[in-house]
file entry10.cif (mmCIF, C-alpha atoms)
data_model
loop_
_atom_site.group_PDB
_atom_site.id
_atom_site.type_symbol
_atom_site.label_atom_id
_atom_site.label_comp_id
_atom_site.auth_asym_id
_atom_site.auth_seq_id
_atom_site.Cartn_x
_atom_site.Cartn_y
_atom_site.Cartn_z
ATOM 1 C CA MET A 550 102.365 -37.406 -59.893
ATOM 2 C CA VAL A 551 99.353 -36.242 -57.861
ATOM 3 C CA LYS A 552 99.777 -34.984 -54.331
ATOM 4 C CA ARG A 553 96.924 -35.414 -51.920
ATOM 5 C CA ILE A 554 96.111 -32.699 -49.477
ATOM 6 C CA SER A 555 94.145 -33.689 -46.450
ATOM 7 C CA LEU A 556 92.798 -31.454 -43.734
ATOM 8 C CA SER A 557 91.642 -32.488 -40.352
ATOM 9 C CA VAL A 558 88.008 -31.762 -39.531
ATOM 10 C CA GLY A 559 89.174 -29.022 -37.149
ATOM 11 C CA ALA A 560 91.347 -27.321 -39.776
ATOM 12 C CA ALA A 561 88.572 -27.550 -42.370
ATOM 13 C CA SER A 562 86.138 -26.030 -39.887
ATOM 14 C CA VAL A 563 88.484 -23.124 -39.206
ATOM 15 C CA LEU A 564 88.879 -22.451 -42.934
ATOM 16 C CA LEU A 565 85.127 -22.642 -43.501
ATOM 17 C CA LEU A 566 84.442 -20.306 -40.571
ATOM 18 C CA ALA A 567 87.027 -17.825 -41.837
ATOM 19 C CA ALA A 568 85.460 -17.914 -45.289
ATOM 20 C CA CYS A 569 81.992 -17.284 -43.846
ATOM 21 C CA GLN A 570 83.220 -14.421 -41.688
ATOM 22 C CA SER A 571 84.984 -12.826 -44.613
ATOM 23 C CA MET A 572 81.684 -12.887 -46.523
ATOM 24 C CA GLU A 573 80.011 -10.868 -43.734
ATOM 25 C CA HIS A 574 80.847 -7.461 -45.110
ATOM 26 C CA GLY A 575 78.801 -5.208 -47.279
ATOM 27 C CA THR A 576 79.111 -3.439 -50.545
ATOM 28 C CA GLY A 577 76.648 -0.598 -50.180
ATOM 29 C CA GLN A 578 73.485 -2.430 -49.072
ATOM 30 C CA LYS A 579 71.024 0.122 -47.675
ATOM 31 C CA ALA A 580 68.092 0.213 -45.286
ATOM 32 C CA SER A 581 66.052 2.968 -43.691
ATOM 33 C CA ALA A 582 63.449 3.625 -41.024
ATOM 34 C CA SER A 583 60.845 6.358 -40.539
ATOM 35 C CA LEU A 584 60.398 6.972 -36.834
ATOM 36 C CA GLU A 585 56.997 7.853 -35.396
ATOM 37 C CA SER A 586 56.271 9.360 -31.992
ATOM 38 C CA ARG A 587 55.595 7.085 -29.022
ATOM 39 C CA SER A 588 54.917 7.522 -25.286
ATOM 40 C CA GLY A 589 53.156 10.883 -25.830
ATOM 41 C CA SER A 590 56.198 12.567 -27.371
ATOM 42 C CA ASN A 591 56.432 14.664 -30.544
ATOM 43 C CA THR A 592 59.694 13.003 -31.635
ATOM 44 C CA LYS A 593 59.987 11.955 -35.271
ATOM 45 C CA GLY A 594 62.850 11.151 -37.570
ATOM 46 C CA THR A 595 64.435 9.217 -40.376
ATOM 47 C CA VAL A 596 67.399 6.882 -40.100
ATOM 48 C CA ASN A 597 69.517 5.431 -42.915
ATOM 49 C CA PHE A 598 71.903 2.491 -42.771
ATOM 50 C CA VAL A 599 74.593 1.919 -45.437
ATOM 51 C CA TRP A 600 76.845 -1.126 -45.191
ATOM 52 C CA GLN A 601 80.465 -0.223 -45.953
ATOM 53 C CA GLY A 602 82.820 -3.178 -45.636
ATOM 54 C CA HIS A 603 82.750 -4.388 -42.023
ATOM 55 C CA ASP A 604 81.039 -1.198 -40.783
ATOM 56 C CA VAL A 605 77.610 0.342 -41.175
ATOM 57 C CA LEU A 606 77.228 4.098 -41.598
ATOM 58 C CA VAL A 607 74.163 5.206 -39.627
ATOM 59 C CA THR A 608 72.776 8.669 -40.387
ATOM 60 C CA GLY A 609 69.622 10.336 -39.195
ATOM 61 C CA ASN A 610 67.564 13.490 -38.806
ATOM 62 C CA PHE A 611 65.325 14.002 -35.775
ATOM 63 C CA SER A 612 62.877 16.606 -34.477
ATOM 64 C CA GLY A 613 60.812 16.977 -31.327
ATOM 65 C CA LEU A 614 63.643 16.000 -28.989
ATOM 66 C CA LYS A 615 64.372 17.584 -25.628
ATOM 67 C CA PRO A 616 66.450 20.730 -26.452
ATOM 68 C CA ASN A 617 70.212 20.639 -25.778
ATOM 69 C CA ALA A 618 70.063 17.073 -24.524
ATOM 70 C CA GLU A 619 71.126 13.528 -25.299
ATOM 71 C CA GLN A 620 68.792 10.640 -25.993
ATOM 72 C CA GLY A 621 69.525 6.906 -26.067
ATOM 73 C CA PHE A 622 69.362 5.323 -29.528
ATOM 74 C CA HIS A 623 69.293 1.589 -30.250
ATOM 75 C CA VAL A 624 68.388 -1.114 -32.729
ATOM 76 C CA HIS A 625 65.771 -3.341 -31.056
ATOM 77 C CA GLU A 626 65.177 -7.042 -31.646
ATOM 78 C CA LYS A 627 61.635 -6.956 -33.042
ATOM 79 C CA GLY A 628 60.271 -5.080 -36.025
ATOM 80 C CA ASP A 629 57.120 -4.076 -34.169
ATOM 81 C CA CYS A 630 56.408 -0.488 -33.131
ATOM 82 C CA SER A 631 52.661 -1.004 -32.630
ATOM 83 C CA ALA A 632 52.525 -0.481 -28.843
ATOM 84 C CA PRO A 633 51.861 3.134 -27.748
ATOM 85 C CA ASP A 634 55.083 2.990 -25.695
ATOM 86 C CA ALA A 635 57.021 0.913 -28.305
ATOM 87 C CA THR A 636 57.577 -1.961 -25.869
ATOM 88 C CA SER A 637 56.452 -4.218 -28.734
ATOM 89 C CA ALA A 638 59.941 -3.630 -30.233
ATOM 90 C CA GLY A 639 61.415 -5.904 -27.539
ATOM 91 C CA GLY A 640 64.881 -5.479 -26.064
ATOM 92 C CA HIS A 641 68.081 -4.319 -27.697
ATOM 93 C CA PHE A 642 69.232 -6.326 -30.706
ATOM 94 C CA ASN A 643 71.786 -8.680 -29.173
ATOM 95 C CA PRO A 644 72.522 -11.749 -31.353
ATOM 96 C CA ASP A 645 75.814 -12.460 -29.545
ATOM 97 C CA THR A 646 74.271 -12.274 -26.027
ATOM 98 C CA LYS A 647 76.724 -9.644 -24.808
ATOM 99 C CA PRO A 648 76.117 -7.162 -21.980
ATOM 100 C CA HIS A 649 74.908 -3.646 -22.740
ATOM 101 C CA GLY A 650 77.804 -1.227 -23.173
ATOM 102 C CA MET A 651 79.624 1.493 -25.049
ATOM 103 C CA PRO A 652 79.266 1.067 -28.834
ATOM 104 C CA GLY A 653 82.461 -0.248 -30.384
ATOM 105 C CA SER A 654 83.857 -1.546 -27.091
ATOM 106 C CA GLY A 655 83.383 -5.197 -28.042
ATOM 107 C CA ALA A 656 81.425 -5.667 -24.809
ATOM 108 C CA ASN A 657 78.138 -4.296 -26.094
ATOM 109 C CA HIS A 658 74.885 -5.315 -27.759
ATOM 110 C CA ALA A 659 75.005 -5.187 -31.551
ATOM 111 C CA GLY A 660 72.134 -2.679 -31.308
ATOM 112 C CA ASP A 661 73.925 -0.266 -28.947
ATOM 113 C CA MET A 662 74.579 3.041 -30.714
ATOM 114 C CA PRO A 663 75.929 6.432 -29.562
ATOM 115 C CA ASN A 664 73.426 8.866 -28.067
ATOM 116 C CA ILE A 665 71.653 11.434 -30.221
ATOM 117 C CA LYS A 666 72.611 15.025 -29.299
ATOM 118 C CA SER A 667 69.934 17.654 -29.939
ATOM 119 C CA ASP A 668 70.335 21.379 -30.549
ATOM 120 C CA ALA A 669 68.521 24.263 -28.807
ATOM 121 C CA ASN A 670 65.435 23.630 -30.967
ATOM 122 C CA GLY A 671 65.223 19.901 -30.210
ATOM 123 C CA ASN A 672 66.521 18.864 -33.627
ATOM 124 C CA ALA A 673 69.452 16.576 -34.334
ATOM 125 C CA ILE A 674 71.556 15.386 -37.240
ATOM 126 C CA TYR A 675 73.193 12.047 -36.483
ATOM 127 C CA SER A 676 76.110 10.166 -37.996
ATOM 128 C CA ALA A 677 78.041 7.181 -36.653
ATOM 129 C CA LYS A 678 80.089 4.396 -38.233
ATOM 130 C CA LEU A 679 79.392 1.168 -36.325
ATOM 131 C CA SER A 680 80.210 -2.525 -36.464
ATOM 132 C CA GLY A 681 78.570 -5.601 -34.963
ATOM 133 C CA PHE A 682 75.555 -5.730 -37.242
ATOM 134 C CA ALA A 683 74.839 -6.116 -40.942
ATOM 135 C CA VAL A 684 72.355 -4.704 -43.447
ATOM 136 C CA ASN A 685 70.796 -8.052 -44.354
ATOM 137 C CA ASN A 686 68.515 -10.787 -42.978
ATOM 138 C CA GLY A 687 71.333 -12.919 -41.540
ATOM 139 C CA PRO A 688 71.970 -13.678 -37.855
ATOM 140 C CA THR A 689 73.464 -10.214 -37.284
ATOM 141 C CA GLY A 690 71.186 -8.525 -39.814
ATOM 142 C CA ILE A 691 69.015 -5.542 -38.886
ATOM 143 C CA LEU A 692 66.444 -5.804 -41.692
ATOM 144 C CA GLY A 693 63.032 -6.298 -40.122
ATOM 145 C CA LYS A 694 64.217 -5.029 -36.727
ATOM 146 C CA SER A 695 63.288 -1.644 -35.259
ATOM 147 C CA VAL A 696 65.213 1.451 -34.266
ATOM 148 C CA VAL A 697 64.189 3.321 -31.102
ATOM 149 C CA VAL A 698 64.895 6.741 -29.590
ATOM 150 C CA HIS A 699 64.696 6.941 -25.790
ATOM 151 C CA ARG A 700 63.843 9.991 -23.656
ATOM 152 C CA ASP A 701 67.055 9.949 -21.587
ATOM 153 C CA PRO A 702 70.740 9.482 -22.419
ATOM 154 C CA ASP A 703 72.232 6.004 -22.406
ATOM 155 C CA ASP A 704 74.815 5.689 -19.613
ATOM 156 C CA TYR A 705 76.442 2.741 -21.482
ATOM 157 C CA LYS A 706 76.791 0.692 -18.290
ATOM 158 C CA SER A 707 73.420 0.020 -16.598
ATOM 159 C CA GLN A 708 71.970 -3.367 -17.548
ATOM 160 C CA PRO A 709 70.124 -4.272 -19.621
ATOM 161 C CA ALA A 710 69.495 -1.001 -21.489
ATOM 162 C CA GLY A 711 71.632 1.872 -20.202
ATOM 163 C CA ASN A 712 68.946 3.505 -18.046
ATOM 164 C CA SER A 713 67.756 5.456 -21.084
ATOM 165 C CA GLY A 714 64.104 5.742 -20.081
ATOM 166 C CA PRO A 715 60.882 5.501 -22.057
ATOM 167 C CA ARG A 716 60.838 4.906 -25.801
ATOM 168 C CA ILE A 717 59.782 8.160 -27.473
ATOM 169 C CA ALA A 718 60.063 7.197 -31.165
ATOM 170 C CA CYS A 719 60.177 3.926 -33.086
ATOM 171 C CA GLY A 720 60.538 2.823 -36.709
ATOM 172 C CA LEU A 721 60.802 -0.410 -38.701
ATOM 173 C CA ILE A 722 64.100 -0.982 -40.518
ATOM 174 C CA LYS A 723 63.445 -1.954 -44.137
#
call {"tool": "encode", "arguments": {"input": "entry10.cif", "output": "structure tokens"}}
result
Amino acid sequence: MVKRISLSVGAASVLLLAACQSMEHGTGQKASASLESRSGSNTKGTVNFVWQGHDVLVTGNFSGLKPNAEQGFHVHEKGDCSAPDATSAGGHFNPDTKPHGMPGSGANHAGDMPNIKSDANGNAIYSAKLSGFAVNNGPTGILGKSVVVHRDPDDYKSQPAGNSGPRIACGLIK
């Protein structure tokens, strides 16, 4: 005896969506960016992205920052750092069209990341575990996007970019 199982279109859609979402986690995929100075700054750095399950570990090393300060740090929507002020990188990476906000709050751009905190010499070592983006070319993927350091700290509330000032370094994520 054979039993038939039938699913409504709605139930099948829910199962398919759940399967697709469960596939959106990583197993060590990596990307990196070398940041070059922009807007007349001396800021440089390297950033690494490692996909770990549903999160991405972001690490970086920076020099030429304002000493003992915080700088805004974001993934931007375009992989183009050619403009002298890095405006060619476009706005923050925001595939879900959310408002700008505190990373990890759920009400933030996928590209919103915690501020970089520099030491007395203007150097910084950065590490943050973030969610909301992936290390791939998919709809939430950051490959081919850019990463940008801003002159001022991100206030995590001003729209659309946290009032973080000019872009002082930019690099292509590959």
call {"tool": "axis_aligned_box", "arguments": {"input": "entry10.cif", "around": "stretch 637-641 of chain A", "padding_each_side": "6 Å", "output": "JSON"}}
result
{"center_x": 62.3, "center_y": -4.8, "center_z": -28.1, "size_x": 23.6, "size_y": 14.3, "size_z": 16.2}
call {"tool": "resolve_selection", "arguments": {"input": "entry10.cif", "expression": "the PyMOL selection byres ((chain A and resi 664-679) around 6)", "output": "PDB file with C-alpha atoms, keeping the file's coordinate frame"}}
result
ATOM      1  CA  ASP A 604      81.039  -1.198 -40.783  1.00  0.00           C
ATOM      2  CA  VAL A 605      77.610   0.342 -41.175  1.00  0.00           C
ATOM      3  CA  LEU A 606      77.228   4.098 -41.598  1.00  0.00           C
ATOM      4  CA  VAL A 607      74.163   5.206 -39.627  1.00  0.00           C
ATOM      5  CA  THR A 608      72.776   8.669 -40.387  1.00  0.00           C
ATOM      6  CA  GLY A 609      69.622  10.336 -39.195  1.00  0.00           C
ATOM      7  CA  ASN A 610      67.564  13.490 -38.806  1.00  0.00           C
ATOM      8  CA  PHE A 611      65.325  14.002 -35.775  1.00  0.00           C
ATOM      9  CA  SER A 612      62.877  16.606 -34.477  1.00  0.00           C
ATOM     10  CA  GLY A 613      60.812  16.977 -31.327  1.00  0.00           C
ATOM     11  CA  LEU A 614      63.643  16.000 -28.989  1.00  0.00           C
ATOM     12  CA  LYS A 615      64.372  17.584 -25.628  1.00  0.00           C
ATOM     13  CA  PRO A 616      66.450  20.730 -26.452  1.00  0.00           C
ATOM     14  CA  ASN A 617      70.212  20.639 -25.778  1.00  0.00           C
ATOM     15  CA  ALA A 618      70.063  17.073 -24.524  1.00  0.00           C
ATOM     16  CA  GLU A 619      71.126  13.528 -25.299  1.00  0.00           C
ATOM     17  CA  GLN A 620      68.792  10.640 -25.993  1.00  0.00           C
ATOM     18  CA  GLY A 621      69.525   6.906 -26.067  1.00  0.00           C
ATOM     19  CA  PHE A 622      69.362   5.323 -29.528  1.00  0.00           C
ATOM     20  CA  PRO A 663      75.929   6.432 -29.562  1.00  0.00           C
ATOM     21  CA  SER A 680      80.210  -2.525 -36.464  1.00  0.00           C
TER      22      SER A 680
END
call {"tool": "resolve_selection", "arguments": {"input": "entry10.cif", "expression": "the PyMOL selection byres ((chain A and resi 655-662) around 6)", "output": "list in words"}}
result
Phe622, His623, Val624, His641, Phe642, Asn643, Lys647, Pro648, His649, Gly650, Pro652, Gly653, Ser654, Pro663, Gly681 and Phe682 of chain A
call {"tool": "resolve_selection", "arguments": {"input": "entry10.cif", "expression": "the PyMOL selection byres ((chain A and resi 581) around 7)", "output": "MDAnalysis selection string"}}
result
chainID A and resid 579:580 582:583 596:598 722:723
call {"tool": "residues_around", "arguments": {"input": "entry10.cif", "residues": "A:Ser695", "least_positions_apart": "5", "cutoff": "7 Å", "atoms": "only C-alpha atoms", "output": "MDAnalysis selection string"}}
result
chainID A and resid 624:629 638 719:722
call {"tool": "write_last_selection", "arguments": {"input": "entry10.cif", "atoms": "C-alpha atoms", "output": "short mmCIF file (atom, residue, chain, number, x, y, z; two decimals), in the coordinates of the input"}}
result
data_model
loop_
_atom_site.label_atom_id
_atom_site.label_comp_id
_atom_site.auth_asym_id
_atom_site.auth_seq_id
_atom_site.Cartn_x
_atom_site.Cartn_y
_atom_site.Cartn_z
CA VAL A 624 68.39 -1.11 -32.73
CA HIS A 625 65.77 -3.34 -31.06
CA GLU A 626 65.18 -7.04 -31.65
CA LYS A 627 61.64 -6.96 -33.04
CA GLY A 628 60.27 -5.08 -36.02
CA ASP A 629 57.12 -4.08 -34.17
CA ALA A 638 59.94 -3.63 -30.23
CA CYS A 719 60.18 3.93 -33.09
CA GLY A 720 60.54 2.82 -36.71
CA LEU A 721 60.80 -0.41 -38.70
CA ILE A 722 64.10 -0.98 -40.52
#
